[in-house]
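Asks: The structure under discussion is supplied below as structure tokens; questions concerning it will follow.
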Amino acid sequence: MELITKAPKGTVDIIPGESEKWSLVEAVMTDEAELNGFSEIRTPVFEHTELFLRSVGDTTDVVEKQMYTFEDKGGRSITLRPEGTAGAVRAMLENGLYNGGYPVKLYYKTSCYRYEKPQAGRLRELHQFGVEMFGTAEPAADAQVIAMAMSIFNRLGLADDIEVSINSIGCPTCRAEYRKALRTYFEGYKDQLCETCNSRLERNPMRILDCKSPVCGEIAKGAPKITDYLCDDCRAHFEKVQTLLKSINIPFSIDPGLVRGLDYYTRTVFEFPSKRFGFALGGGGRYDGLVEEVGGKPTPALGFGLGLDRILMAMNEMGADFGNDAKCEV
């Protein structure tokens with residue numbers, strides 16, 4: 001037998017024997033979201049490109065290197081979604097979900113598409129479970145979504161392998177001063193930074209902190225820390241989040257270099273790195289300016305995304321018990 005083609009590079013078939021595991025994991029995530037008052041939303045697999053240019057940020061790796069963008073037959077620029085938040089914000093506004101009152105709490109199971117080198121747990125078609133909460137600025141909301149994610153990991157038997165890393169990247173006011181300090185610092189290393197980071201130096205030096213180049217990463221270790229530049233409001237918010245996490249017995253560490261890969265984040269950001277595998281199984285944070293950027297009224301918001309591919313890989317490697325498959329006997 002000779003197939004006319006195989007699955008595109010960076011994609012996988014989820015076949016019987018594996019699909020049951022995916023269904024179990026998705027059921028746990030769905031149950032946790034609904035217990036916390038979230039409702040499901042399903043958005044299109046592609047959007048107008050400007051949505052991602054405006055929201056994700058034109059200096060991010062996602063926009064500069066990874067988006068699947070093309071012109072449709074009507075000459076419109078279309079992009080396969082590289083992440084779930086921007087489409088959820090657009091759908092929330094376009095469908096007037098805020099008319100039912102805030103907070104608006106949504107969850108989704110979705111596929112995202114990024115053109116990058118396929119590797120373990122990182123595919124070009126990646127599967128994600130995400131939650132978004134609109135209309136609450138309280139630090140308690142930050143603690144709630146982190147606790148939700150940790151409850152999911154606990155129910156999946158991964159809690160002992162997961163750490164919580166948090167940081168605050170401030171608001172536009174305190175970030176302005178921080179960017180000046182970063183620019184001054186990185187100017188001294190212009191001849192060592194990669195070409196991409198040199199292009200970001202003037203436009204958005206914070207993106208250099210997220211560069212995957214080992215050389216740039218080593219330089220970034222000595223960069224000024226955002227936590228030294230937080231305004232009083234952002235500092236108070238971040239301290240309250242820490243107090244709340246301690247009160248519900250969720251251990252965490254503060255990572256001053258954690259900025260997340262997308263430009264829309266503000267204040268609290270977090271990731272869930274795996275001790276065993278050395279990469280994060282998910283992450284998220286606040287994006288208090290994104291709703292306004294997409295065209296709505298100023299609305300505080302936050303959320304997270306969990307990587308299903310990585311979570312299933314971790315569970316398989318750790319010998320997780322997925323239970324017995326129900327099969328037809330007659």
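Residue names in the structure tokens use chain letters A, B, ... in the order shown, residue numbers from 1 in each chain, and ligand numbers from 1 in the order shown.
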Just the residues within 9 Å of region 252-265 of chain A, please, counting only C-alpha atoms, with nothing from its chain fewer than 3 positions along; format it as an NGL selection string.
Replies: :A and (55-62 or 163-171 or 206-207 or 209-210 or 220-221 or 223 or 225-227 or 242 or 245-246 or 268-271 or 283-290 or 302)
Asks: Could you pull out the strand (DSSP E or B) residues of region 118-316 of chain A from DSSP and send them as number ranges by chain?
Replies: A: 119, 122, 125-134, 162, 165-168, 253-254, 266-274, 280-286, 301-307
Asks: Might you pull out every residue within 7 Å of Val145 (chain A), with only C-alpha atoms counted and same-chain residues fewer than 4 positions away left off, and present them as a list in words?
Replies: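 Here the qualifying residues turn out to be Ala141, Ala149 and Gly303 of chain A.
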Asks: Save the residues we just selected, N, CA, C and O atoms, as a PDB file, in the first residue's frame?
Replies:
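The result, written out as out-v9.pdb:
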ATOM      1  N   ALA A 141      -9.685  36.871  41.840  1.00  0.00           N
ATOM      2  CA  ALA A 141      -9.920  36.192  40.564  1.00  0.00           C
ATOM      3  C   ALA A 141      -8.631  35.537  40.068  1.00  0.00           C
ATOM      4  O   ALA A 141      -8.656  34.428  39.524  1.00  0.00           O
ATOM      5  N   ALA A 149      -6.690  25.596  37.915  1.00  0.00           N
ATOM      6  CA  ALA A 149      -5.718  24.821  37.151  1.00  0.00           C
ATOM      7  C   ALA A 149      -5.054  23.777  38.035  1.00  0.00           C
ATOM      8  O   ALA A 149      -4.885  22.618  37.627  1.00  0.00           O
ATOM      9  N   GLY A 303      -7.148  34.837  32.353  1.00  0.00           N
ATOM     10  CA  GLY A 303      -7.446  33.459  31.958  1.00  0.00           C
ATOM     11  C   GLY A 303      -6.190  32.613  31.923  1.00  0.00           C
ATOM     12  O   GLY A 303      -5.097  33.066  32.260  1.00  0.00           O
TER      13      GLY A 303
END
Asks: What are the DSSP helix (DSSP H, G or I) residues of region 197-327 of chain A, as a PyMOL selection string?
Replies: chain A and resi 197-203+205-210+214-220+226-228+232-247+290-294+308-317
Asks: Any idea what's packed within 9 Å of region 191-198 of chain A, counting only C-alpha atoms, ignoring anything in its chain fewer than 5 positions away? Could you give it as a VMD selection string?
Replies: chain A and resid 186 205 207 to 208 211 213 215 to 216 219
Asks: Could you turn the residues from that selection into a file that holds C-alpha atoms, as a CSV table (one decimal), in the first residue's frame?
Replies:
chain,number,residue,atom,x,y,z
A,186,PHE,CA,20.3,45.8,26.4
A,205,PRO,CA,12.6,45.4,24.7
A,207,ARG,CA,10.2,40.7,24.3
A,208,ILE,CA,13.9,40.1,24.5
A,211,CYS,CA,13.9,35.0,23.4
A,213,SER,CA,18.3,32.0,22.0
A,215,VAL,CA,23.0,33.8,24.2
A,216,CYS,CA,20.1,36.3,24.6
A,219,ILE,CA,22.2,38.2,28.8
Asks: From the options A:Leu51, A:Ala301, A:Ile152, A:Leu123, which residue's atoms come nearest to Leu106 (chain A), counting only C-alpha atoms?
Replies: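 Smallest separation from Leu106 (chain A) among the options: A:Ala301.
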Asks: Output as a Markdown table one row per residue of region 57-140 of chain A within 12 Å of region 278-281 of chain A: the closest atom pair and its distance in Å to one decimal place, counting only C-alpha atoms, sorted by chain and residue number ascending.
Replies:
| residue | atom | partner | partner_atom | distance |
| --- | --- | --- | --- | --- |
| A:Gln119 | CA | A:Phe279 | CA | 11.9 |
| A:Ala120 | CA | A:Phe279 | CA | 10.1 |
| A:Gly121 | CA | A:Phe279 | CA | 8.9 |
| A:Arg122 | CA | A:Phe279 | CA | 10.2 |
| A:His127 | CA | A:Leu281 | CA | 11.6 |
| A:Gln128 | CA | A:Leu281 | CA | 10.2 |
| A:Phe129 | CA | A:Leu281 | CA | 10.9 |
Asks: Output all heavy atoms for every residue in the selection just made, as a PDB file, in the first residue's frame.
Replies:
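The resulting file, part27.pdb, is reproduced below:
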ATOM      1  N   GLN A 119       8.541  19.316  18.111  1.00  0.00           N
ATOM      2  CA  GLN A 119       9.351  18.623  19.090  1.00  0.00           C
ATOM      3  C   GLN A 119       8.416  18.024  20.132  1.00  0.00           C
ATOM      4  O   GLN A 119       7.197  18.200  20.043  1.00  0.00           O
ATOM      5  CB  GLN A 119      10.352  19.587  19.734  1.00  0.00           C
ATOM      6  CG  GLN A 119       9.726  20.851  20.266  1.00  0.00           C
ATOM      7  CD  GLN A 119      10.757  21.892  20.666  1.00  0.00           C
ATOM      8  OE1 GLN A 119      11.406  21.712  21.682  1.00  0.00           O
ATOM      9  NE2 GLN A 119      10.914  22.948  19.889  1.00  0.00           N
ATOM     10  N   ALA A 120       8.980  17.346  21.104  1.00  0.00           N
ATOM     11  CA  ALA A 120       8.151  16.675  22.104  1.00  0.00           C
ATOM     12  C   ALA A 120       7.227  17.663  22.804  1.00  0.00           C
ATOM     13  O   ALA A 120       7.679  18.639  23.393  1.00  0.00           O
ATOM     14  CB  ALA A 120       9.051  15.986  23.127  1.00  0.00           C
ATOM     15  N   GLY A 121       5.931  17.407  22.697  1.00  0.00           N
ATOM     16  CA  GLY A 121       4.954  18.258  23.371  1.00  0.00           C
ATOM     17  C   GLY A 121       4.702  19.582  22.691  1.00  0.00           C
ATOM     18  O   GLY A 121       3.964  20.421  23.222  1.00  0.00           O
ATOM     19  N   ARG A 122       5.295  19.819  21.538  1.00  0.00           N
ATOM     20  CA  ARG A 122       5.097  21.097  20.843  1.00  0.00           C
ATOM     21  C   ARG A 122       4.877  20.802  19.359  1.00  0.00           C
ATOM     22  O   ARG A 122       5.828  20.566  18.618  1.00  0.00           O
ATOM     23  CB  ARG A 122       6.310  22.009  21.036  1.00  0.00           C
ATOM     24  CG  ARG A 122       6.093  23.432  20.501  1.00  0.00           C
ATOM     25  CD  ARG A 122       7.381  24.232  20.569  1.00  0.00           C
ATOM     26  NE  ARG A 122       7.823  24.480  21.924  1.00  0.00           N
ATOM     27  CZ  ARG A 122       7.413  25.496  22.665  1.00  0.00           C
ATOM     28  NH1 ARG A 122       6.528  26.356  22.168  1.00  0.00           N
ATOM     29  NH2 ARG A 122       7.867  25.667  23.885  1.00  0.00           N
ATOM     30  N   HIS A 127      -3.278  21.367  20.882  1.00  0.00           N
ATOM     31  CA  HIS A 127      -4.611  21.285  21.474  1.00  0.00           C
ATOM     32  C   HIS A 127      -4.585  21.941  22.847  1.00  0.00           C
ATOM     33  O   HIS A 127      -3.670  21.723  23.632  1.00  0.00           O
ATOM     34  CB  HIS A 127      -5.052  19.821  21.568  1.00  0.00           C
ATOM     35  CG  HIS A 127      -5.063  19.121  20.243  1.00  0.00           C
ATOM     36  ND1 HIS A 127      -3.927  18.550  19.712  1.00  0.00           N
ATOM     37  CD2 HIS A 127      -6.050  18.925  19.337  1.00  0.00           C
ATOM     38  CE1 HIS A 127      -4.220  18.019  18.531  1.00  0.00           C
ATOM     39  NE2 HIS A 127      -5.498  18.223  18.290  1.00  0.00           N
ATOM     40  N   GLN A 128      -5.588  22.733  23.113  1.00  0.00           N
ATOM     41  CA  GLN A 128      -5.567  23.566  24.309  1.00  0.00           C
ATOM     42  C   GLN A 128      -6.922  23.573  25.009  1.00  0.00           C
ATOM     43  O   GLN A 128      -7.967  23.576  24.356  1.00  0.00           O
ATOM     44  CB  GLN A 128      -5.183  25.001  23.909  1.00  0.00           C
ATOM     45  CG  GLN A 128      -4.889  25.934  25.074  1.00  0.00           C
ATOM     46  CD  GLN A 128      -4.467  27.306  24.578  1.00  0.00           C
ATOM     47  OE1 GLN A 128      -5.310  28.142  24.245  1.00  0.00           O
ATOM     48  NE2 GLN A 128      -3.166  27.552  24.506  1.00  0.00           N
ATOM     49  N   PHE A 129      -6.873  23.567  26.333  1.00  0.00           N
ATOM     50  CA  PHE A 129      -8.057  23.847  27.136  1.00  0.00           C
ATOM     51  C   PHE A 129      -7.821  25.203  27.778  1.00  0.00           C
ATOM     52  O   PHE A 129      -6.782  25.442  28.388  1.00  0.00           O
ATOM     53  CB  PHE A 129      -8.250  22.793  28.225  1.00  0.00           C
ATOM     54  CG  PHE A 129      -9.405  23.091  29.147  1.00  0.00           C
ATOM     55  CD1 PHE A 129     -10.692  22.725  28.803  1.00  0.00           C
ATOM     56  CD2 PHE A 129      -9.202  23.764  30.343  1.00  0.00           C
ATOM     57  CE1 PHE A 129     -11.766  23.020  29.638  1.00  0.00           C
ATOM     58  CE2 PHE A 129     -10.258  24.062  31.189  1.00  0.00           C
ATOM     59  CZ  PHE A 129     -11.548  23.691  30.834  1.00  0.00           C
TER      60      PHE A 129
END
Asks: Name the residues in contact with region 6-16 of chain A at a cut-off of 12 Å, using only C-alpha atoms, excluding same-chain residues fewer than 3 positions from it; report them as a PyMOL selection string.
Replies: chain A and resi 2-3+19-23+111-127+308-309+312+325+327
Asks: For the residues in that selection, give me C-alpha atoms as a PDB file, in the first residue's frame.
Replies:
ATOM      1  CA  GLU A   2       1.306   3.415  -0.930  1.00  0.00           C
ATOM      2  CA  LEU A   3      -0.534   6.431   0.480  1.00  0.00           C
ATOM      3  CA  SER A  19      -8.778   9.135  22.056  1.00  0.00           C
ATOM      4  CA  GLU A  20     -10.378   7.643  25.181  1.00  0.00           C
ATOM      5  CA  LYS A  21      -7.569   9.156  27.267  1.00  0.00           C
ATOM      6  CA  TRP A  22      -8.157  12.548  25.689  1.00  0.00           C
ATOM      7  CA  SER A  23     -11.874  12.315  26.419  1.00  0.00           C
ATOM      8  CA  SER A 111      -6.892  23.560  18.356  1.00  0.00           C
ATOM      9  CA  CYS A 112      -4.301  26.262  17.711  1.00  0.00           C
ATOM     10  CA  TYR A 113      -1.803  26.521  14.867  1.00  0.00           C
ATOM     11  CA  ARG A 114       1.791  27.731  15.015  1.00  0.00           C
ATOM     12  CA  TYR A 115       4.518  27.200  12.440  1.00  0.00           C
ATOM     13  CA  GLU A 116       7.499  26.133  14.535  1.00  0.00           C
ATOM     14  CA  LYS A 117       9.925  23.237  14.709  1.00  0.00           C
ATOM     15  CA  PRO A 118       7.946  20.202  15.918  1.00  0.00           C
ATOM     16  CA  GLN A 119       9.351  18.623  19.090  1.00  0.00           C
ATOM     17  CA  ALA A 120       8.151  16.675  22.104  1.00  0.00           C
ATOM     18  CA  GLY A 121       4.954  18.258  23.371  1.00  0.00           C
ATOM     19  CA  ARG A 122       5.097  21.097  20.843  1.00  0.00           C
ATOM     20  CA  LEU A 123       3.278  20.503  17.560  1.00  0.00           C
ATOM     21  CA  ARG A 124       2.163  22.787  14.741  1.00  0.00           C
ATOM     22  CA  GLU A 125      -1.419  21.839  15.523  1.00  0.00           C
ATOM     23  CA  LEU A 126      -1.619  22.058  19.291  1.00  0.00           C
ATOM     24  CA  HIS A 127      -4.611  21.285  21.474  1.00  0.00           C
ATOM     25  CA  LEU A 308      -3.492  19.000  26.202  1.00  0.00           C
ATOM     26  CA  ASP A 309      -0.701  17.451  24.100  1.00  0.00           C
ATOM     27  CA  LEU A 312      -1.324  13.649  27.887  1.00  0.00           C
ATOM     28  CA  ASP A 325     -12.241   1.350  28.457  1.00  0.00           C
ATOM     29  CA  LYS A 327     -16.494  -1.718  25.243  1.00  0.00           C
TER      30      LYS A 327
END
